[in-house]
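Comments concern the structure below.
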Amino acid sequence: MSKSGHVFHLSIAVLVSLLLIFAVALDARAMIVKQSLSDIVLQSQDVVHGVVSGVHSYPDGDLIRTSVELQTIETLAGEPADTVSFEVLGGELDQLGLWVEDSPRFHVGEQVVVFLRDHRDFPLVGRIQGKLSVTDGQVREYGVSIDLLTSAVDDALAGNPLNYLPQPTFYNPPPGCDNADPPSKGCHYEYEGYHWSLSNPTRQDYRYNENNPNISGEGGQINSASPTWSLFHSGAAWEISDNGTTTVNDYTSNNTNEVFFGYLDLKSGTLAMVMAWYNPQTGIIAECDMGINLQYSWSTGCAAGKYDVRTIALHEFGHFLLLGDIYDDSYDDHVMYGYGWPGECDHDLACGDRDGVQQIYGLYSGPDDDDDDDVIDDDDDDTSDDRADDCRIVCDRISTCSLGSDIGFATMGECLDTCENFKQTVVDCILGADTCTEIASCVGLDEGSTRSSDSSDDSSSCGI
């Protein structure tokens, strides 16, 4: 059983239901299923227009939950009540905060319409789609009056079409940005304002659980996604790579970043979800966990009717940076765009994605001039820490260019374990390379070929 407060729940009934669920192709992407207002209304037990009168966060095991209370203005569907209360995942305590992807924020005094059901972890139907903001009688997400939205709820309950409503654009601004304008056109990113401790470059690793019983090779797809955000592709002073496997299959605050498959509530429309623990006083991230929902059908090769593991993981690793989702259709080419579809393959960053990671961590321009802060140390007496830093970049680049198997490494971990035996000339060559072709040359390969048989003693070869 899951630990108290955790959101993945295993049961025989869930396993049986997968046979039916996997046959359904829903319009979704890395986070939530895109649902129409009619779908949301028909799944709701209560639809309430009200004012937020109370918000209180409290600890629950490894998690933080936030209770929300509304003073009712009007009950649009369900049983009328003067007040309505529910909980959302995430929140802040004095020294600890928990950010949860697609979990709506609520602030005392704001006027909202909420679409509710009886579920502790995901009471809002469609996650962020289950909260609408009302200002001066206008529903922001739809750009219509509250009166027209009320009529639309009535029509949805009656089974009438809602083709008179425009497509919504959802926002979930971080604290202090409650009145943020909709994004402008072009390149765009959303940022939650938290970051990892900075260095040159900033580095993190993660462990992954290959526990999807319906596919094989999911770990390789996850590990192919993460380097796309790293300096070799993004140009930012940021590196992330795998550090081996784990058996963890739930969100756990254990000072280790983890990626795993598990069962999330299907009606919430959640395909995958990142949770991030951080210090509210400093804004420093302590840990990120990524859960991928087994209640959907997955593929490791962009198969029709299934969700691509690498595409979804690439988006979710953007949340490890605390980049937020974008729900404006103008940015449907961005990795951080909030919707998608089965069979979609999106393995490259768009301009807004690069802008985001570069804005947070800056551009990587090579090692600092200060010897005390060098990321790369060319001296013959490299310390173990210097070599470890170099090896992270070297192995990340080898993995990104899919050269590991040609050299003899099956995983990033195997590369890191033996990197201390690499010749320094090879390490320096890879660190200075700009393309995969150059990296292949550094290790004595023509890109995509097998390793040269006579390269073991050549100073220009791999040296391993």
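In the structure tokens, each chain is lettered A, B, ... as it comes, each chain's residues begin at 1, and ligands are numbered from 1 in order of appearance.
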Can you write out as a Markdown table which residues of stretch 132-216 of chain A fall within 8 Å of stretch 241-245 of chain A, alongside each residue's closest atom pair and its distance in Å to one decimal, counting only C-alpha atoms and ordering rows by chain and ascending residue number?
| residue | atom | partner | partner_atom | distance |
| --- | --- | --- | --- | --- |
| A:Gln204 | CA | A:Ser241 | CA | 6.8 |
| A:Asp205 | CA | A:Ser241 | CA | 4.8 |
| A:Tyr206 | CA | A:Asp242 | CA | 5.0 |
| A:Arg207 | CA | A:Thr245 | CA | 4.9 |
| A:Tyr208 | CA | A:Thr245 | CA | 4.7 |
| A:Asn209 | CA | A:Thr245 | CA | 5.6 |
| A:Glu210 | CA | A:Thr245 | CA | 7.7 |
- From the DSSP assignment of the backbone, select every residue of stretch 235-301 of chain A that is strand (DSSP E), and format the answer as JSON, numbers by chain. {"A": [238, 239, 240, 241, 242, 243, 244, 245, 258, 259, 260, 261, 262, 272, 273, 274, 275, 276, 277, 278, 285, 286, 287, 288, 289, 290, 291, 292, 293, 298, 299]}
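The list of residues with at least one atom within 8 Å of A:Gly91, based on only C-alpha atoms and without residues fewer than 2 positions apart in the same chain, reads Ser57, Tyr58, Ile64, Arg65, Thr66, Leu89, Leu93, Gly97, Leu98 and Trp99 of chain A.
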Store the residues picked out above in a file with N, CA, C and O atoms, as a compact mmCIF listing (two decimals), in the first residue's frame.
# COMPACT_ATOMS: atom_id res chain seq x y z
N SER A 57 -2.81 25.55 4.25
CA SER A 57 -1.96 24.41 3.88
C SER A 57 -1.54 23.65 5.13
O SER A 57 -1.31 24.24 6.19
N TYR A 58 -1.39 22.33 4.98
CA TYR A 58 -0.98 21.50 6.11
C TYR A 58 -0.20 20.29 5.60
O TYR A 58 -0.38 19.85 4.46
N ILE A 64 2.13 17.98 0.94
CA ILE A 64 1.44 19.12 1.52
C ILE A 64 0.12 19.27 0.78
O ILE A 64 0.06 19.14 -0.45
N ARG A 65 -0.94 19.47 1.54
CA ARG A 65 -2.26 19.70 0.95
C ARG A 65 -2.75 21.08 1.37
O ARG A 65 -2.36 21.61 2.41
N THR A 66 -3.65 21.64 0.56
CA THR A 66 -4.23 22.94 0.86
C THR A 66 -5.75 22.83 0.83
O THR A 66 -6.34 22.39 -0.17
N LEU A 89 -3.79 19.31 -3.96
CA LEU A 89 -2.42 18.92 -3.66
C LEU A 89 -1.49 20.11 -3.82
O LEU A 89 -1.63 20.92 -4.74
N LEU A 93 4.34 25.63 3.61
CA LEU A 93 4.48 25.79 5.05
C LEU A 93 5.64 26.79 5.26
O LEU A 93 6.14 27.37 4.31
N GLY A 97 7.81 23.98 0.77
CA GLY A 97 6.73 24.14 -0.19
C GLY A 97 6.66 22.92 -1.09
O GLY A 97 7.66 22.22 -1.30
N LEU A 98 5.48 22.63 -1.61
CA LEU A 98 5.29 21.55 -2.57
C LEU A 98 4.54 22.10 -3.77
O LEU A 98 3.39 22.53 -3.65
N TRP A 99 5.22 22.11 -4.92
CA TRP A 99 4.60 22.51 -6.18
C TRP A 99 4.11 21.25 -6.89
O TRP A 99 4.86 20.29 -7.02
- Task: For A:Ile128, list every protein, DNA or RNA residue within 7 Å, evaluated using only C-alpha atoms, and leave out those in the same chain fewer than 4 positions away; present the list as a list in words.
- Result: Asp102, Ser103 and Pro104 of chain A
- Message: Just to confirm, what's the straight-line distance from atom CA of A:Ser133 to atom CA of A:Ser330 in Å (one decimal)?
- Response: 21.1 Å
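One finds atom CA of A:His347 at 7.0 Å from atom CA of A:Leu314.
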- Message: Please compute the atom CA of A:Arg354-atom CA of A:Asp328 distance, one decimal, in Å.
- Response: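 Taking atom CA of A:Arg354 and atom CA of A:Asp328, their separation equals 17.7 Å.
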- stretch 109-122 of chain A: which residues within 7 Å, counting only C-alpha atoms, same-chain residues fewer than 6 positions away excluded, as a VMD selection string? chain A and resid 7 41 44 to 53 87 to 89 130 to 135 268
- Query: Quick one: residues within 6 Å of stretch 221-228 of chain A, only C-alpha atoms counted, chain neighbours fewer than 4 positions away excluded, as a PyMOL selection string?
  - Reply: chain A and resi 233+310+313-314
- Residues near A:Val153, cut-off 8 Å, only C-alpha atoms, skip fewer than 5 positions along chain, as a list in words: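 Selected residues are Leu37, Ser38, Val41, Leu76 and Ala77 of chain A.
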Go ahead and dump the residues you just picked, N, CA and C atoms, as a CSV table (one decimal), in the first residue's frame.
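Resulting contents of result-v4.csv:
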chain,number,residue,atom,x,y,z
A,37,LEU,N,-16.1,21.8,-22.1
A,37,LEU,CA,-16.9,22.2,-21.0
A,37,LEU,C,-18.0,21.3,-20.7
A,38,SER,N,-18.6,20.7,-21.8
A,38,SER,CA,-19.7,19.7,-21.6
A,38,SER,C,-19.2,18.5,-20.9
A,41,VAL,N,-18.6,19.5,-17.2
A,41,VAL,CA,-19.9,19.6,-16.4
A,41,VAL,C,-20.5,18.3,-16.1
A,76,LEU,N,-24.5,26.5,-9.7
A,76,LEU,CA,-24.9,26.3,-11.1
A,76,LEU,C,-25.3,24.9,-11.3
A,77,ALA,N,-24.9,23.9,-10.5
A,77,ALA,CA,-25.3,22.5,-10.7
A,77,ALA,C,-25.0,21.8,-9.3
- Task: Considering only C-alpha atoms, state which residue in the set A:Glu92, A:Asp39, A:Asp308, A:Glu79 is at the smallest distance from A:Ala156.
- Result: A:Asp39
- Message: With DSSP run on the backbone, what are the alpha helix (DSSP H) residues within stretch 201-388 of chain A? I'd like them as a PyMOL selection string.
- Response: chain A and resi 218-225+231-234+309-320+351-361+384-388
